[in-house]
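One structure is given here, and the rest of the page talks about it.
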Amino acid sequence: MSEDSSYNVDNVESVCDITPDLTGCTTNLQLYPQGSSATRVQMEGVHYTQRTQIDGAELRTLFTGVERDYAKYMFNVIVEHDCRVLRVIHRFAKPGIQQPDTKPLETLVFVELINEESESSKVDLIRIPYHVSNHQTFGFELVMTRQLGKSMYLPKGTILAESKSVIDNEYCVGLQAKTILVSHPMVIEDSCLISQSLADKMMTYGYKTHSMTIGERDYPLFLYEDSNGKPALFPEVGMKVREDGILLAKREHDTILAAVEMSEHALHDPCGHYDDCIFVDPESVVIDIKVFRDDHKPKMRDRATGARMPNSKLSTPAGMQEYCDEYADALSSFQGDVRRFYKEVKAKFRHQGMYSVPMTPDAKQAITYAIADEPTEIIDGAKRFTKQFGSIKNDDYTISITIRYPIPLAISGKITDTMGGKGIVGKVVPDAEMPYDDSGVRVELMMSENAMLRRTNFNRGFENYCNAARMRIQDDINTLCDKGEYNEAWELLINFTATVNPDWSIAICDTHTTTTLRDALLDSFTEENLRLWVPSDNKITMDDVERNIRDKFPPRKSPLNIPQPDGSIIRTMKSFTIGELYMIRLDKTGREFSAIAAGRFQPFGTIAKQHSADKYSRPARETPMKHQGESETRHQQAFIGGDVCADAHDRSNNPAVADNVVMSILSADVPTNIPHAVDRKKYPLGHNRVMEINRHVLRCDGIGFTTRKS
């Protein structure tokens with residue numbers, strides 16, 4: 001550090017009474033947490049529990065240093081004890097699909113725990129899944145970090161697979177967004193404008209597993225074609241679903257109509273009303289397939305060729321058996337590999353004089369499950385079990401398919417910074433229509449400037465302003481390096497970092513002691529961002545950092561150029577500073593709506609109760625999420641009278657009125673301004689199905705109700 005550096009760390013005393021080790025959860029991830037109100041700090045902690053993994057996750061440019069600690073507690077697959085690999089078993093969707101570029105759907109790593117204090121050993125299991133999903137919608141995929149082989153030694157702490165939210169051993173939950181804090185009609189309150197490129201980088205994915213049984217009462221339909229062009233019951237791993245969103249479909253057996261309903265054309269033509277279909281997002285991609293077969297029924301094979309023959313004791317038609325068996329055999333082969341491993345390790349321990357294999361609960365569970373799939377291989381004289389799911393006996397086949405579907409950041413999506421400053425996307429704007437300054441930096445995010453005053457989170461403005469200065473200093477460093485002035489560039493880097501945190505500039509100097517290392521660091525800024533360490537207990541206050549940046553390293557400030565629809569450009573009268581905020585996407589997507597015009601009816605005309613299996617049986621929801629309850633009705637009657645409540649019940653439970661509402665909307669000259677959706681002279685209140693059923697029962701006993709006007 002030069003003699004004229006902004007700060008001498010030896011002469012700076014800490015003015016912050018915050019200790020990172022004692023702060024609450026996620027508070028130590030905030031820049032100057034004392035710059036936000038207590039409610040905003042607490043809210044940010046909640047936001048971290050709602051965050052989703054995005055495609056464009058990046059390292060944070062202004063970081064506190066505890067990101068490395070949080071990275072240790074992600075859902076990564078980490079070796080917990082010193083061990084040696086005994087067997088690595090992969091699961092694939094089909095037999096023989098084990099090309100080097102094919103990612104296994106699941107990996108079981110059986111290891112032998114190494115205990116130097118004891119001569120005895122124990123078998124343990126490390127399970128590496130394809131994806132992790134602990135949310136009803138969102139999840140993420142794991143990336144293998146190393147190749148595993150038999151007899152490989154794995155020390156404690158070895159990472160075998162990790163989330164994409166861990167970059168260079170740091171917890172990365174968001175990305176850097178070029179932001180202006182401004183007053184604008186479209187960014188009032190929580191609303192914000194984002195560019196299309198930012199929305200694309202904040203793409204996240206949902207995961208869902210759907211199951212369907214086929215057998216005695218029904219048969220599947222051929223909705224797809226496989227990679228060889230042959231008819232298929234469902235898409236292969238890596239394939240998208242149909243445009244109509246039907247993932248699986250089956251049809252009930254009908255001996256009278258079998259010649260028509262089981263024709264080649266009919267098997268390719270599903271009916272969303274009469275067939276049992278599973279509808280998913282049309283952009284879904286299949287990532288996992290499991291087919292469970294009722295193996296307690298004997299397998300039929302040709303004696304000459306050994307090829308599998310249609311099983312006459314299964315109700316599923318022959319061609320459909322062949323397709324399902326291909327996937328069922330892959331799952332059985334996977335379980336067979338586990339059983340063979342168990343027999344080998346059992347023989348090894350028996351040779352050592354031990355008649356039982358010491359195993360951890362995880363290893364015992366996997367081996368027990370594999371033995372239950374085919375007990376005759378392990379247990380002498382064992383009989384085949386009748387497989388069942390819960391209390392329901394397994395049918396011929398149970399098809400379980402896991403899909404992944406994109407959830408783009410769109411209108412009503414929720415994002416937040418790291419200071420509790422959440423925002424709701426009001427509009428996604430094409431990049432070419434977003435403002436840009438005179439240096440060519442284009443805005444990616446517009447948020448309200450007044451929100452900092454109303455929400456008392458002034459460290460949001462600090463991050464934006466400090467990042468704006470950092471962006472300019474990085475450009476100046478690159479310009480000096482292009483001219484070959486590396487000494488001047490290094491001096492600029494050290495002076496600027498010392499302005500923000502003297503300890504950071506000292507750390508940079510201590511780790512870059514040679515000219516080669518210094519030049520390499522400066523050259524890296526052409527591709528990587530200059531990063532600043534701002535711990536929660538930084539020795540310089542937030543106000544002092546802002547003042548010194550303003551006096552010594554002021555960021556760029558210029559009028560904004562705003563593209564217009566006709567191609568012209570309008571320049572603002574005032575000048576603005578474009579900085580960056582580290583933005584996080586939350587699990588509030590705004591994609592799900594519970595309001596419907598009318599629910600599915602029972603034969604009597606009342607709202608039909610649907611089960612969980614019916615949730616995906618239609619492309620649109622046909623049952624209300626929540627009907628008007630008793631307490632809501634009493635409150636509404638007290639404030640707005642009983643007529644409104646009676647009208648709401650009548651529209652939901654009177655099919656004739658529901659049809660009249662729909663026709664009124666479709667036939668209206670101005671659908672958004674309909675005087676009366678229901679003609680109450682033609683359809684008076686009090687005649688919905690619920691009341692008519694009660695009246696009918698009472699009339700059978702000679703009882704009736706009358707209405708008297710007071």
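Quick note on naming: the chains in the structure tokens go A, B, ... in the order shown, residues restart at 1 in each chain, and ligands are numbered from 1 in order of appearance.
Backbone DSSP assigns strand (DSSP E) in stretch 22-83 of chain A to Leu62, Phe63, Val77, Ile78 and Cys83 of chain A.
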Long-range neighbours of stretch 145-155 of chain A as a list in words, 9 Å cut-off, only C-alpha atoms, 2 positions minimum in chain: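 Contacts, in chain order: Val79, Glu80, His81, Asp82, Cys83, Arg84, Val85, Leu86, Arg87, Val88, Val109, Val111, Val143, Gly157, Thr158, Ile159, Leu160, Ala161 and Glu162 of chain A.
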Secondary structure check, alpha helix (DSSP H) residues of stretch 236-298 of chain A, as a PyMOL selection string: chain A and resi 258-261+264-267
Neighbours of A:Gln34 within 10 Å (only C-alpha atoms; same-chain residues fewer than 2 positions away dropped), as a PyMOL selection string? chain A and resi 16-18+27+30-32+36-38+41+457-459+536+542
Shell of 9 Å around A:Tyr205, only C-alpha atoms, local chain residues under 4 positions omitted, as a list in words: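 Listing them by chain and then by number gives Thr52, Gln53, Ile54, Thr137, Phe138, Gly139, Phe140, Arg404, Tyr405, Pro406, Ile407 and Pro408 of chain A.
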Next, write the just-selected residues to a file, as a compact mmCIF listing (two decimals), in the first residue's frame, keeping N, CA and C atoms as the atom set.
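File produced: result.txt:
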```txt
# COMPACT_ATOMS: atom_id res chain seq x y z
N THR A 52 -35.13 -19.21 -4.21
CA THR A 52 -35.05 -20.34 -5.13
C THR A 52 -33.73 -20.29 -5.88
N GLN A 53 -33.29 -21.43 -6.37
CA GLN A 53 -32.06 -21.45 -7.16
C GLN A 53 -32.35 -20.98 -8.57
N ILE A 54 -31.52 -20.11 -9.10
CA ILE A 54 -31.72 -19.54 -10.43
C ILE A 54 -30.61 -19.99 -11.37
N THR A 137 -42.98 -27.21 -4.84
CA THR A 137 -42.82 -26.87 -6.26
C THR A 137 -41.36 -26.86 -6.67
N PHE A 138 -40.53 -26.08 -5.98
CA PHE A 138 -39.18 -25.81 -6.45
C PHE A 138 -38.20 -26.89 -6.01
N GLY A 139 -37.09 -26.94 -6.71
CA GLY A 139 -36.01 -27.86 -6.40
C GLY A 139 -34.77 -27.47 -7.19
N PHE A 140 -33.76 -28.30 -7.15
CA PHE A 140 -32.53 -28.03 -7.89
C PHE A 140 -31.80 -29.34 -8.14
N ARG A 404 -39.48 -31.86 -14.82
CA ARG A 404 -38.96 -30.54 -14.46
C ARG A 404 -39.55 -29.53 -15.43
N TYR A 405 -40.10 -28.47 -14.91
CA TYR A 405 -40.71 -27.47 -15.77
C TYR A 405 -40.20 -26.07 -15.40
N PRO A 406 -39.99 -25.21 -16.39
CA PRO A 406 -39.45 -23.88 -16.12
C PRO A 406 -40.50 -22.97 -15.50
N ILE A 407 -40.06 -22.13 -14.59
CA ILE A 407 -40.91 -21.11 -13.99
C ILE A 407 -40.24 -19.76 -14.23
N PRO A 408 -40.55 -19.11 -15.35
CA PRO A 408 -39.88 -17.85 -15.66
C PRO A 408 -40.29 -16.74 -14.70
```
For A:Leu198: contacts at 8 Å, only C-alpha atoms, fewer than 2 positions along chain excluded, given as a list of chain:residue names: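 In the requested form, the answer reads A:Ala177, A:Ile194, A:Ser195, A:Gln196, A:Asp200, A:Lys201, A:Met202, A:Glu444, A:Leu445.
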Using atom CA of A:Ile287 and atom CA of A:Ala318 as the two end points, give the distance in Å to one decimal. 26.6 Å
Å distance separating atom CA of A:Ala638 from atom CA of A:His687, one decimal place: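 If I compute the distance from atom CA of A:Ala638 to atom CA of A:His687, I get 23.2 Å.
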Can you pull out the residues contacting A:Ile569? Cut-off 10 Å, using only C-alpha atoms, and skip same-chain residues under 4 positions away; I want them as number ranges by chain. A: 433, 435, 560-565
Need to verify the contact set: A:Met583, 6 Å, only C-alpha atoms, exclusion of same-chain residues closer than 5 positions in sequence. Can you return it as a PyMOL selection string? chain A and resi 174-175+416-417
